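Scroll down for the structure; my scribbles are underneath it.
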Amino acid sequence: MATAFHHGITVTETKTTSRLIATIATACIGLVVTAPAADATAFPLDRPVLIDETPGHIDMTTALAKIGATGTGRTVLEAIASKVRTPVIVVRVAPGADAAATATAVIGASNAGVRTGMQTLLAAEAQTGIRPRILATPGLESAAVTAALAVIGGKLRSMTYARALGTDLATLATYRGGFDSRELMLLYPDLKVTDATGATVPSFAAAHAVAMRALIDQTQGWHKTLSNVPIPGVVGTTADVPFDLQDPDADANRLNADEITTIVSLNGERRFWGSRTCSTDEDFYFESATRTAHIVADTIAAGLIWAIDKPLTPSLAKDIVARANAKFRAMVQAGELLGATAWYDPTRNPVADLKTGKLAIRYKYTPVPPLEHLHLSQEVTDEFLADFSTLVGA
């Protein structure tokens with residue numbers, strides 16, 4: 001007969017799963033395209049459509065079949081498909097009667113809760129479950145469109161890529177001077193690819209940039225800049241950009257000096273060359289610094305959602321700090337940060353705030369900068385002739 005009486009010790013085994021902070025997904029592309037001949041069911045106007053290889057979504061092969069041959073959509077998707085498989089959110093807009101009307105459609109608006117154009121990207125996560133982190137409007141760039149996209153990038157904490165408009169170094173530099181967003185990288189020139197018939201045709205630089213950004217995220221990490229990685233599937237550029245690795249007066253270096261990323265041929269391969277954003281804040285000159293700010297902020301915030309509405313006790317504050325520091329250690333070990341630490345600051349947590357359920361935790365980090373300039377000192381010397389006779393005798 002079973003009894004509840006026990007003069008001794010009972011040990012019950014349980015499993016505890018620690019709350020590990022996971023890095024947010026970074027390799028999701030967000031696009032605005034025109035595609036007048038697209039299947040309207042697959043690509044309705046002004047609605048975010050997720051292209052993904054997972055069940056339940058339209059895959060890239062199907063998307064290419066349904067996007068139609070006109071407009072920018074097919075060219076953009078072909079550029080991405082040639083390099084990477086990653087989630088892509090596409091917003092299709094109707095082209096206008098002229099370039100100005102098309103730009104208005106691309107920029108879009110928000111009226112009574114209904115968004116159009118690129119404003120739809122702000123609602124993409126709510127509708128698709130994925131936030132676009134890499135944005136572009138390839139082939140549809142204008143100063144107004146690019147400025148508006150950079151604003152969207154800031155709101156989404158996403159990087160934006162756009163072609164710099166101009167035909168020579170002076171006009172390109174002037175165009176670059178019109179922007180000051182850390183979320184924006186300007187590109188020049190466009191690329192060339194071989195189409196299905198074997199002909200060489202232009203292809204939008206921004207389409208290849210977002211594809212390469214996603215590919216680098218997947219293969220090297222989000223902390224590696226776009227620069228100096230071979231671009232597969234391209235055969236040339238739409239404009240000549242003289243480049244010499246050791247010549248600061250070469251056009252490629254002058255473009256980089258004006259914070260414009262260009263395309264160069266190096267070791268027989270074309271590569272984006274340049275790591276700078278349009279930021280006027282030196283802390284965010286580099287693309288990697290901006291992305292680090294975005295990813296650290298969203299990763300830590302998302303990883304601590306579990307703490308919201310828990311009883312505000314000292315142990316909760318300690319746990320929050322410990323979880324954040326554990327993630328920072330992992331990011332430092334992975335080479336994504338040079339250093340980072342979180343702490344509880346008593347001066348930021350007065351009794352009045354604690355009483356009303358407010359807790360402030362501070363953290364700081366150092367992003368990993370790219371090696372932009374390597375200085376090698378070459379010296380001619382006769383010191384290696386000093387033992388010549390000895391070596392001959394030996």
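Simple scheme: letters A, B, ... for chains in structure tokens order, numbers from 1 for residues in each chain, numbers from 1 for ligands in the order shown.
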Sort by chain and increasing residue number a table of all residues of segment 135-252 of chain A within 12 Å of segment 326-332 of chain A, each with its closest pair of atoms and their distance in Å to one decimal, counting only C-alpha atoms, and write it as CSV.
```
residue,atom,partner,partner_atom,distance
A:Gly221,CA,A:Met331,CA,11.0
A:Trp222,CA,A:Met331,CA,11.4
A:His223,CA,A:Met331,CA,10.3
```
Put those residues in a file: C-alpha atoms, as a CSV table (one decimal), in the first residue's frame.
```csv
chain,number,residue,atom,x,y,z
A,221,GLY,CA,28.8,37.5,-41.3
A,222,TRP,CA,26.9,40.8,-41.1
A,223,HIS,CA,30.0,42.5,-39.7
```
- Mind checking which residues fall within 7 Å of segment 307-321 of chain A, counting only C-alpha atoms, ignoring those fewer than 4 positions away in the same chain, and posting them as a ChimeraX atom specification? /A:325,342-343,357
Output N, CA and C atoms of each residue in that selection to a file, as a PDB file, in the first residue's frame.
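And here's part_2.pdb as it stands now:
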```pdb
ATOM      1  N   ASN A 325      25.166  40.219 -21.247  1.00  0.00           N
ATOM      2  CA  ASN A 325      26.612  40.021 -21.270  1.00  0.00           C
ATOM      3  C   ASN A 325      26.994  38.667 -21.850  1.00  0.00           C
ATOM      4  N   ALA A 342      27.349  45.117 -20.513  1.00  0.00           N
ATOM      5  CA  ALA A 342      26.105  45.689 -19.987  1.00  0.00           C
ATOM      6  C   ALA A 342      26.228  45.792 -18.469  1.00  0.00           C
ATOM      7  N   TRP A 343      25.560  46.791 -17.869  1.00  0.00           N
ATOM      8  CA  TRP A 343      25.613  46.927 -16.427  1.00  0.00           C
ATOM      9  C   TRP A 343      24.402  47.691 -15.907  1.00  0.00           C
ATOM     10  N   GLY A 357       7.679  50.915 -12.305  1.00  0.00           N
ATOM     11  CA  GLY A 357       7.954  49.797 -13.208  1.00  0.00           C
ATOM     12  C   GLY A 357       8.973  50.085 -14.286  1.00  0.00           C
TER      13      GLY A 357
END
```
- Query: What separation in Å, quoted to one decimal, exists between atom CA of Glu269 of chain A and atom CA of Ser288 of chain A?
  - Reply: 22.8 Å
- For His208 of chain A: contacts at 10 Å, only C-alpha atoms, fewer than 2 positions along chain excluded, given as a ChimeraX atom specification: /A:76-83,138,161,190-191,203-206,210-214,231-234,272
Selected residues written out, C-alpha atoms, as a PDB file, in the first residue's frame:
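The result, stored in selection_12.pdb:
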```pdb
ATOM      1  CA  VAL A  76      16.249  42.549 -60.223  1.00  0.00           C
ATOM      2  CA  LEU A  77      15.105  39.050 -59.237  1.00  0.00           C
ATOM      3  CA  GLU A  78      17.437  37.440 -61.787  1.00  0.00           C
ATOM      4  CA  ALA A  79      20.392  39.310 -60.277  1.00  0.00           C
ATOM      5  CA  ILE A  80      19.477  38.103 -56.790  1.00  0.00           C
ATOM      6  CA  ALA A  81      18.735  34.534 -57.893  1.00  0.00           C
ATOM      7  CA  SER A  82      22.163  34.286 -59.550  1.00  0.00           C
ATOM      8  CA  LYS A  83      23.874  34.738 -56.203  1.00  0.00           C
ATOM      9  CA  PRO A 138      17.007  49.062 -58.291  1.00  0.00           C
ATOM     10  CA  TYR A 161      21.617  50.584 -51.396  1.00  0.00           C
ATOM     11  CA  ASP A 190      25.820  49.572 -62.938  1.00  0.00           C
ATOM     12  CA  LEU A 191      26.934  46.079 -63.967  1.00  0.00           C
ATOM     13  CA  SER A 203      21.983  45.045 -64.747  1.00  0.00           C
ATOM     14  CA  PHE A 204      21.261  47.296 -61.772  1.00  0.00           C
ATOM     15  CA  ALA A 205      24.127  47.697 -59.305  1.00  0.00           C
ATOM     16  CA  ALA A 206      21.727  47.916 -56.363  1.00  0.00           C
ATOM     17  CA  VAL A 210      21.548  43.569 -51.972  1.00  0.00           C
ATOM     18  CA  ALA A 211      22.187  40.021 -53.206  1.00  0.00           C
ATOM     19  CA  MET A 212      25.853  40.229 -52.206  1.00  0.00           C
ATOM     20  CA  ARG A 213      24.936  41.770 -48.852  1.00  0.00           C
ATOM     21  CA  ALA A 214      22.667  38.799 -48.102  1.00  0.00           C
ATOM     22  CA  ILE A 231      30.566  39.164 -57.518  1.00  0.00           C
ATOM     23  CA  PRO A 232      29.466  35.999 -59.322  1.00  0.00           C
ATOM     24  CA  GLY A 233      27.537  36.099 -62.572  1.00  0.00           C
ATOM     25  CA  VAL A 234      28.678  39.483 -63.926  1.00  0.00           C
ATOM     26  CA  PHE A 272      32.265  46.147 -55.016  1.00  0.00           C
TER      27      PHE A 272
END
```
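When only C-alpha atoms are used to measure the gap to Met185 of chain A, the shortest distance among A:Ala297, A:Ala94, A:Val264, A:Cys278 belongs to A:Cys278.
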- Message: Can you pull out the residues contacting Pro36 of chain A? Cut-off 10 Å, using only C-alpha atoms, and skip same-chain residues under 5 positions away; I want them as a ChimeraX atom specification.
- Response: /A:45,67-73,92-95
Just-selected residues, C-alpha atoms written as an mmCIF file, in the first residue's frame:
```cif
data_model
loop_
_atom_site.group_PDB
_atom_site.id
_atom_site.type_symbol
_atom_site.label_atom_id
_atom_site.label_comp_id
_atom_site.auth_asym_id
_atom_site.auth_seq_id
_atom_site.Cartn_x
_atom_site.Cartn_y
_atom_site.Cartn_z
ATOM 1 C CA LEU A 45 0.147 46.206 -56.401
ATOM 2 C CA ILE A 67 6.891 38.625 -62.347
ATOM 3 C CA GLY A 68 6.630 39.282 -66.098
ATOM 4 C CA ALA A 69 9.256 40.423 -68.572
ATOM 5 C CA THR A 70 8.667 44.189 -68.428
ATOM 6 C CA GLY A 71 9.628 46.751 -65.830
ATOM 7 C CA THR A 72 12.473 46.317 -63.341
ATOM 8 C CA GLY A 73 11.190 43.302 -61.425
ATOM 9 C CA ARG A 92 5.242 46.025 -56.922
ATOM 10 C CA VAL A 93 4.158 49.511 -57.944
ATOM 11 C CA ALA A 94 2.505 50.740 -61.133
ATOM 12 C CA PRO A 95 4.807 52.911 -63.254
#
```
- One-decimal distance in Å that lies between atom CA of Val114 of chain A and atom CA of Gly56 of chain A: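 So the answer is 25.3 Å.
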- Name all residues at most 9 Å from Pro48 of chain A (count only C-alpha atoms; drop same-chain ones fewer than 4 positions away) and give them as number ranges by chain. A: 30, 43-44, 89-92, 120-121, 123-124, 127-128
Save the residues we just selected, N, CA and C atoms, as a PDB file, in the first residue's frame?
```pdb
ATOM      1  N   GLY A  30      14.470  43.685 -49.021  1.00  0.00           N
ATOM      2  CA  GLY A  30      13.207  44.367 -49.303  1.00  0.00           C
ATOM      3  C   GLY A  30      13.343  45.219 -50.556  1.00  0.00           C
ATOM      4  N   PHE A  43       1.570  38.896 -57.462  1.00  0.00           N
ATOM      5  CA  PHE A  43       2.207  40.151 -57.095  1.00  0.00           C
ATOM      6  C   PHE A  43       1.195  41.300 -57.174  1.00  0.00           C
ATOM      7  N   PRO A  44       0.296  41.398 -56.204  1.00  0.00           N
ATOM      8  CA  PRO A  44      -0.660  42.514 -56.211  1.00  0.00           C
ATOM      9  C   PRO A  44       0.074  43.834 -56.004  1.00  0.00           C
ATOM     10  N   ILE A  89      11.396  40.272 -49.944  1.00  0.00           N
ATOM     11  CA  ILE A  89      10.070  40.892 -49.909  1.00  0.00           C
ATOM     12  C   ILE A  89       9.981  41.881 -51.060  1.00  0.00           C
ATOM     13  N   VAL A  90       9.002  41.676 -51.925  1.00  0.00           N
ATOM     14  CA  VAL A  90       8.837  42.505 -53.118  1.00  0.00           C
ATOM     15  C   VAL A  90       7.552  43.310 -53.016  1.00  0.00           C
ATOM     16  N   VAL A  91       7.677  44.603 -53.257  1.00  0.00           N
ATOM     17  CA  VAL A  91       6.513  45.474 -53.372  1.00  0.00           C
ATOM     18  C   VAL A  91       6.457  45.947 -54.822  1.00  0.00           C
ATOM     19  N   ARG A  92       5.392  45.611 -55.526  1.00  0.00           N
ATOM     20  CA  ARG A  92       5.242  46.025 -56.922  1.00  0.00           C
ATOM     21  C   ARG A  92       4.404  47.299 -56.992  1.00  0.00           C
ATOM     22  N   THR A 120       5.022  50.600 -47.772  1.00  0.00           N
ATOM     23  CA  THR A 120       4.519  49.257 -47.478  1.00  0.00           C
ATOM     24  C   THR A 120       5.572  48.418 -46.768  1.00  0.00           C
ATOM     25  N   LEU A 121       6.845  48.709 -47.001  1.00  0.00           N
ATOM     26  CA  LEU A 121       7.905  47.946 -46.335  1.00  0.00           C
ATOM     27  C   LEU A 121       7.839  48.091 -44.821  1.00  0.00           C
ATOM     28  N   ALA A 123       5.251  47.910 -43.083  1.00  0.00           N
ATOM     29  CA  ALA A 123       4.254  46.949 -42.603  1.00  0.00           C
ATOM     30  C   ALA A 123       4.590  45.523 -43.019  1.00  0.00           C
ATOM     31  N   ALA A 124       5.732  45.327 -43.671  1.00  0.00           N
ATOM     32  CA  ALA A 124       6.061  44.004 -44.211  1.00  0.00           C
ATOM     33  C   ALA A 124       6.204  42.955 -43.119  1.00  0.00           C
ATOM     34  N   GLN A 127       2.925  41.638 -41.948  1.00  0.00           N
ATOM     35  CA  GLN A 127       2.189  40.854 -42.927  1.00  0.00           C
ATOM     36  C   GLN A 127       2.897  39.576 -43.345  1.00  0.00           C
ATOM     37  N   THR A 128       4.226  39.565 -43.267  1.00  0.00           N
ATOM     38  CA  THR A 128       4.971  38.382 -43.710  1.00  0.00           C
ATOM     39  C   THR A 128       5.701  37.666 -42.584  1.00  0.00           C
TER      40      THR A 128
END
```
- Item | Length of the atom CA of Met159 of chain A to atom CA of Ile300 of chain A vector [Å] |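 Going from atom CA of Met159 of chain A over to atom CA of Ile300 of chain A covers 18.8 Å.
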- From a DSSP pass on the backbone, collect the residues of segment 132-332 of chain A flagged as strand (DSSP E or B) and hand them back as number ranges by chain. A: 134-136, 159-163, 184-187, 191-194, 200-203, 230, 236-237, 260-266, 269-273, 276, 286
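Closest to Ala199 of chain A among A:Leu385, A:Ala162, A:Val235, A:Gly335 is A:Val235, based on only C-alpha atoms.
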- Residue neighbourhood Pro370 of chain A, 12 Å, only C-alpha atoms, exclusion window fewer than 4 positions, as an NGL selection string: :A and (223-228 or 274-276 or 285-289 or 336-338 or 374)
- Query: Mind checking DSSP for segment 76-325 of chain A and telling me the helix (DSSP H, G or I) residues as a PyMOL selection string?
  - Reply: chain A and resi 76-81+99-107+117-128+143-156+169-176+205-219+251-257+282-284+287-303+305-307+314-325
- Compare A:Thr54, A:Thr261, A:Thr167, A:Thr102 by their minimum atom-to-atom distance to Ser142 of chain A, counting only C-alpha atoms, and give me the closest one. A:Thr102
- Message: Neighbouring residues of segment 146-153 of chain A were defined as those with any atom within 8 Å, considering only C-alpha atoms; residues of the same chain fewer than 2 positions away were excluded. Please report them as a list of chain:residue names.
- Response: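 The filter keeps A:Ile107, A:Met118, A:Gln119, A:Leu121, A:Leu122, A:Arg133, A:Leu135, A:Ala136, A:Glu141, A:Ser142, A:Ala143, A:Ala144, A:Lys155, A:Leu156, A:Arg157, A:Ser158, A:Met159, A:Thr160, A:Ala162, A:Phe179, A:Ser181, A:Glu183, A:Leu184.
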- Query: So, counting only C-alpha atoms, which residue among A:Glu53, A:Asn267, A:Asn256, A:Thr277 is closest to Thr290 of chain A?
  - Reply: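 When distances to Thr290 of chain A are compared using only C-alpha atoms, the smallest one comes from A:Thr277.
If you measure from each of A:Arg115, A:Thr62, A:His373, A:Gly236 to Pro248 of chain A using only C-alpha atoms, the closest one turns out to be A:His373.
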- Would you please work out which residue, of A:His375, A:Cys28, A:Arg323, A:Tyr188, is nearest to Gly303 of chain A when using only C-alpha atoms?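 Among the listed residues, A:Arg323 lies closest to Gly303 of chain A.
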